[in-house]
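Asker: Let me begin by handing over the structure; questions about it come next.
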Amino acid sequence: MKCAEPPAPEPIDVCILMGKTGVGKSSLIRLLGGKDQADKEPAVNDGIDSCTQHATMYTAQVSGQNVCLLDTPGFDDSVMDNLKVLDEIISHFYFCALRRDTINIRGVIFLHDISETRMSSSQKKTWEILRAFCGSPLMSSVIVGTTMWSVESKKKFKKEEEREKSFLERFWSETGGTIRLADDDRDAAGQIVTDLLAKPPCLLQVQLELLRPPHTAEETTVGRIAMPEGRAERARLQKQLEEQTRELREEASRHKEALEREREEIRRQLDEATRNKEERQRLEDKYKEQLERQREFEETMRQREEEMTSELKRMSNELERQLKQFRKIPVISFISESISSCWTWVRGGKVDT
């Protein structure tokens, strides 16, 4: 008699959190009771989100339903940092796509600080990347949560309401709606997740693109945004290296010429001081001191040039490595062990923490 096969595990429901650093992602996760693989809540300092460096998974229970919250770092003006963040998020998305029978992405929670009078460059960058991740048809699976409302000032609150309406018309018209998230409002925090869980599971545009050969980030919409920026940054670093090297050498040349003039004046004074032994000795000591100063300055400039060149080359090489990864390497090959173990933990496997 055959033993009955164990029932298939329930699919994991995943909600992705996006938004710039400090917008309230960690606070939202804490309100929902989210815990990471080490059974810890996200850290916040004085009510402000900590600077998330890596995409981090949290599990929570909302309205009796288990849910996974993927917290992602914000995007800023650093192309190199943005490429690192993209690498990691894309790895998570591809992992989910490969296991779409057991992992359901329900959508994205995009948090925006409504107290900001305009879209910051960081928030614009995050929004652009979010649109590239989702694609227009799936922007309805994005819910915008507005944070930092000035509930104690009617005047400010009124302006924020007007700003919310303007942003909804200009940026958020394709989304699945907006929810106001006041501080410590657990009901609103739960509602935004519940609204996403009510939507059908989806495969984001970037996941569909990654499932097609050659499975590289460059061949995705978001990759086509990141690659030109990366190449431009690499050219900028090379230009910066050339300019700073030239400036250092020009500074060294000017200093050397000044010291040469000073030594020439000392030699002239030495010739005039032949009959005064004490004065001649003083000038000879001054001459030696000046030579030592020049030697020390040249050594300092050499070290500065070496350090500057080394750091800029390191940055350029790291950028080139990331660009190569985007261009040539299938995403499956750089899904890290930590990402795999994180999803194993979420699915109920035993993973050392």
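Following the order of the structure tokens, chains are lettered A, B, ..., residues in each are numbered from 1, and ligands are numbered from 1.
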With a distance cut-off of 12 Å and only C-alpha atoms, select the neighbouring residues of A:Gly190, excluding the residue or stretch itself and same-chain residues fewer than 5 positions from it, and output the selection as a count of residues only.
Answerer: 24
Asker: Considering only C-alpha atoms, return as a PyMOL selection string whatever protein or nucleic-acid residues lie within 12 Å of A:Gly24, sequence-local ones (same chain, fewer than 3 positions apart) excluded.
Answerer: chain A and resi 17-21+27-31+42-52+71-74+109-114+145-149+181-184+189
Asker: Excluding stretch 220-226 of chain A and residues on its chain fewer than 2 positions from it, collect all residues at most 6 Å away from it, counting only C-alpha atoms, and give them as a PyMOL selection string.
Answerer: chain A and resi 132+209+217-218+228-229
Asker: Under the rule that only C-alpha atoms are counted, which of A:Asn317, A:Gln303, A:Gln281, A:Ser150 is the nearest residue to A:Glu116?
Answerer: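 Between A:Asn317, A:Gln303, A:Gln281, A:Ser150, the residue approaching A:Glu116 most closely is A:Ser150.
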Asker: Select, from A:Glu160, A:Asp285, A:Glu128, A:Glu320, the residue with the minimum atom-to-atom distance to A:Arg234, counting only C-alpha atoms.
Answerer: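 Smallest distance to A:Arg234 is found for A:Glu320.
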Asker: Kindly indicate which residue among A:Lys313, A:Arg254, A:Arg106, A:Arg231 lies nearest to A:Phe297, using only C-alpha atoms for the distances.
Answerer: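 Using only C-alpha atoms, the shortest distance to A:Phe297 belongs to A:Arg254.
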Asker: Can you work out which one of A:Ile90, A:Leu168, A:His215, A:Gly230 has the shortest atom-to-atom distance to A:Leu323, counting only C-alpha atoms?
Answerer: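 Counting only C-alpha atoms, the residue closest to A:Leu323 is A:Gly230.
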Asker: Contacts of A:Ile143 at 7 Å or less, counting only C-alpha atoms, minus same-chain residues fewer than 4 places along, as number ranges by chain?
Answerer: A: 108-110, 175-178
Asker: Put those residues in a file: all heavy atoms, as an mmCIF file, in the first residue's frame.
Answerer:
data_model
loop_
_atom_site.group_PDB
_atom_site.id
_atom_site.type_symbol
_atom_site.label_atom_id
_atom_site.label_comp_id
_atom_site.auth_asym_id
_atom_site.auth_seq_id
_atom_site.Cartn_x
_atom_site.Cartn_y
_atom_site.Cartn_z
ATOM 1 N N VAL A 108 3.521 45.692 -5.329
ATOM 2 C CA VAL A 108 4.533 46.580 -4.746
ATOM 3 C C VAL A 108 3.852 47.650 -3.901
ATOM 4 O O VAL A 108 2.846 48.243 -4.322
ATOM 5 C CB VAL A 108 5.375 47.258 -5.853
ATOM 6 C CG1 VAL A 108 6.428 48.179 -5.235
ATOM 7 C CG2 VAL A 108 6.037 46.211 -6.748
ATOM 8 N N ILE A 109 4.413 47.888 -2.721
ATOM 9 C CA ILE A 109 4.021 49.038 -1.898
ATOM 10 C C ILE A 109 5.095 50.099 -2.085
ATOM 11 O O ILE A 109 6.261 49.885 -1.734
ATOM 12 C CB ILE A 109 3.921 48.652 -0.409
ATOM 13 C CG1 ILE A 109 2.848 47.583 -0.210
ATOM 14 C CG2 ILE A 109 3.620 49.888 0.441
ATOM 15 C CD1 ILE A 109 2.853 46.968 1.185
ATOM 16 N N PHE A 110 4.703 51.214 -2.680
ATOM 17 C CA PHE A 110 5.649 52.318 -2.903
ATOM 18 C C PHE A 110 5.340 53.405 -1.889
ATOM 19 O O PHE A 110 4.249 53.974 -1.885
ATOM 20 C CB PHE A 110 5.514 52.853 -4.327
ATOM 21 C CG PHE A 110 6.413 54.030 -4.627
ATOM 22 C CD1 PHE A 110 7.748 53.826 -4.942
ATOM 23 C CD2 PHE A 110 5.922 55.324 -4.594
ATOM 24 C CE1 PHE A 110 8.577 54.909 -5.227
ATOM 25 C CE2 PHE A 110 6.741 56.405 -4.872
ATOM 26 C CZ PHE A 110 8.086 56.193 -5.183
ATOM 27 N N THR A 175 -1.532 53.553 -10.955
ATOM 28 C CA THR A 175 -1.377 52.626 -9.833
ATOM 29 C C THR A 175 -2.730 52.109 -9.350
ATOM 30 O O THR A 175 -3.786 52.579 -9.764
ATOM 31 C CB THR A 175 -0.659 53.308 -8.652
ATOM 32 O OG1 THR A 175 -1.502 54.323 -8.108
ATOM 33 C CG2 THR A 175 0.655 53.926 -9.095
ATOM 34 N N GLY A 176 -2.652 51.164 -8.410
ATOM 35 C CA GLY A 176 -3.862 50.596 -7.842
ATOM 36 C C GLY A 176 -4.462 51.428 -6.743
ATOM 37 O O GLY A 176 -5.383 50.974 -6.052
ATOM 38 N N GLY A 177 -3.963 52.648 -6.550
ATOM 39 C CA GLY A 177 -4.532 53.548 -5.552
ATOM 40 C C GLY A 177 -3.514 54.023 -4.541
ATOM 41 O O GLY A 177 -2.345 53.651 -4.576
ATOM 42 N N THR A 178 -3.968 54.878 -3.627
ATOM 43 C CA THR A 178 -3.098 55.412 -2.576
ATOM 44 C C THR A 178 -3.762 55.205 -1.222
ATOM 45 O O THR A 178 -4.994 55.164 -1.118
ATOM 46 C CB THR A 178 -2.826 56.914 -2.773
ATOM 47 O OG1 THR A 178 -4.061 57.633 -2.662
ATOM 48 C CG2 THR A 178 -2.190 57.193 -4.127
#
Asker: Write down as a PyMOL selection string the residues belonging to stretch 108-156 of chain A that are assigned alpha helix (DSSP H) by DSSP computed on the backbone.
Answerer: chain A and resi 121-134+154-156
Asker: Pull C-alpha atoms from the residues just selected and write them as a PDB file, in the first residue's frame.
Answerer:
ATOM      1  CA  SER A 121      15.992  62.854  -7.308  1.00  0.00           C
ATOM      2  CA  SER A 122      16.230  59.685  -5.206  1.00  0.00           C
ATOM      3  CA  GLN A 123      12.464  59.189  -5.246  1.00  0.00           C
ATOM      4  CA  LYS A 124      12.251  59.919  -8.990  1.00  0.00           C
ATOM      5  CA  LYS A 125      14.985  57.358  -9.633  1.00  0.00           C
ATOM      6  CA  THR A 126      13.201  54.763  -7.473  1.00  0.00           C
ATOM      7  CA  TRP A 127       9.901  55.464  -9.298  1.00  0.00           C
ATOM      8  CA  GLU A 128      11.562  55.146 -12.719  1.00  0.00           C
ATOM      9  CA  ILE A 129      13.089  51.807 -11.746  1.00  0.00           C
ATOM     10  CA  LEU A 130       9.797  50.620 -10.255  1.00  0.00           C
ATOM     11  CA  ARG A 131       8.025  51.329 -13.554  1.00  0.00           C
ATOM     12  CA  ALA A 132      10.750  49.416 -15.411  1.00  0.00           C
ATOM     13  CA  PHE A 133      10.360  46.499 -13.003  1.00  0.00           C
ATOM     14  CA  CYS A 134       6.565  46.312 -13.356  1.00  0.00           C
ATOM     15  CA  LYS A 154      -4.205  72.136   9.421  1.00  0.00           C
ATOM     16  CA  LYS A 155      -2.396  74.517   7.092  1.00  0.00           C
ATOM     17  CA  LYS A 156       0.376  72.051   6.257  1.00  0.00           C
TER      18      LYS A 156
END
Asker: For a quick check of understanding, using only C-alpha atoms, which of A:Met139, A:Arg236, A:Arg321, A:Asp13 has the smallest distance to A:Ser173?
Answerer: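 Closest to A:Ser173, using only C-alpha atoms: A:Met139.
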Asker: I need the residues in stretch 46-203 of chain A that are strand (DSSP E or B) according to DSSP; give them as a PyMOL selection string.
Answerer: chain A and resi 48-49+56-62+65-71+103-113+142-147+178-180+202
Asker: Enter the distance from atom CA of A:Pro137 to atom CA of A:Leu210, in Å, rounded to one decimal.
Answerer: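 Between atom CA of A:Pro137 and atom CA of A:Leu210 the gap works out to 17.3 Å.
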Asker: Name the residues in contact with stretch 293-295 of chain A at a cut-off of 12 Å, using only C-alpha atoms, excluding same-chain residues fewer than 3 positions from it; report them as a ChimeraX atom specification.
Answerer: /A:252-260,262-263,286-290,298-302
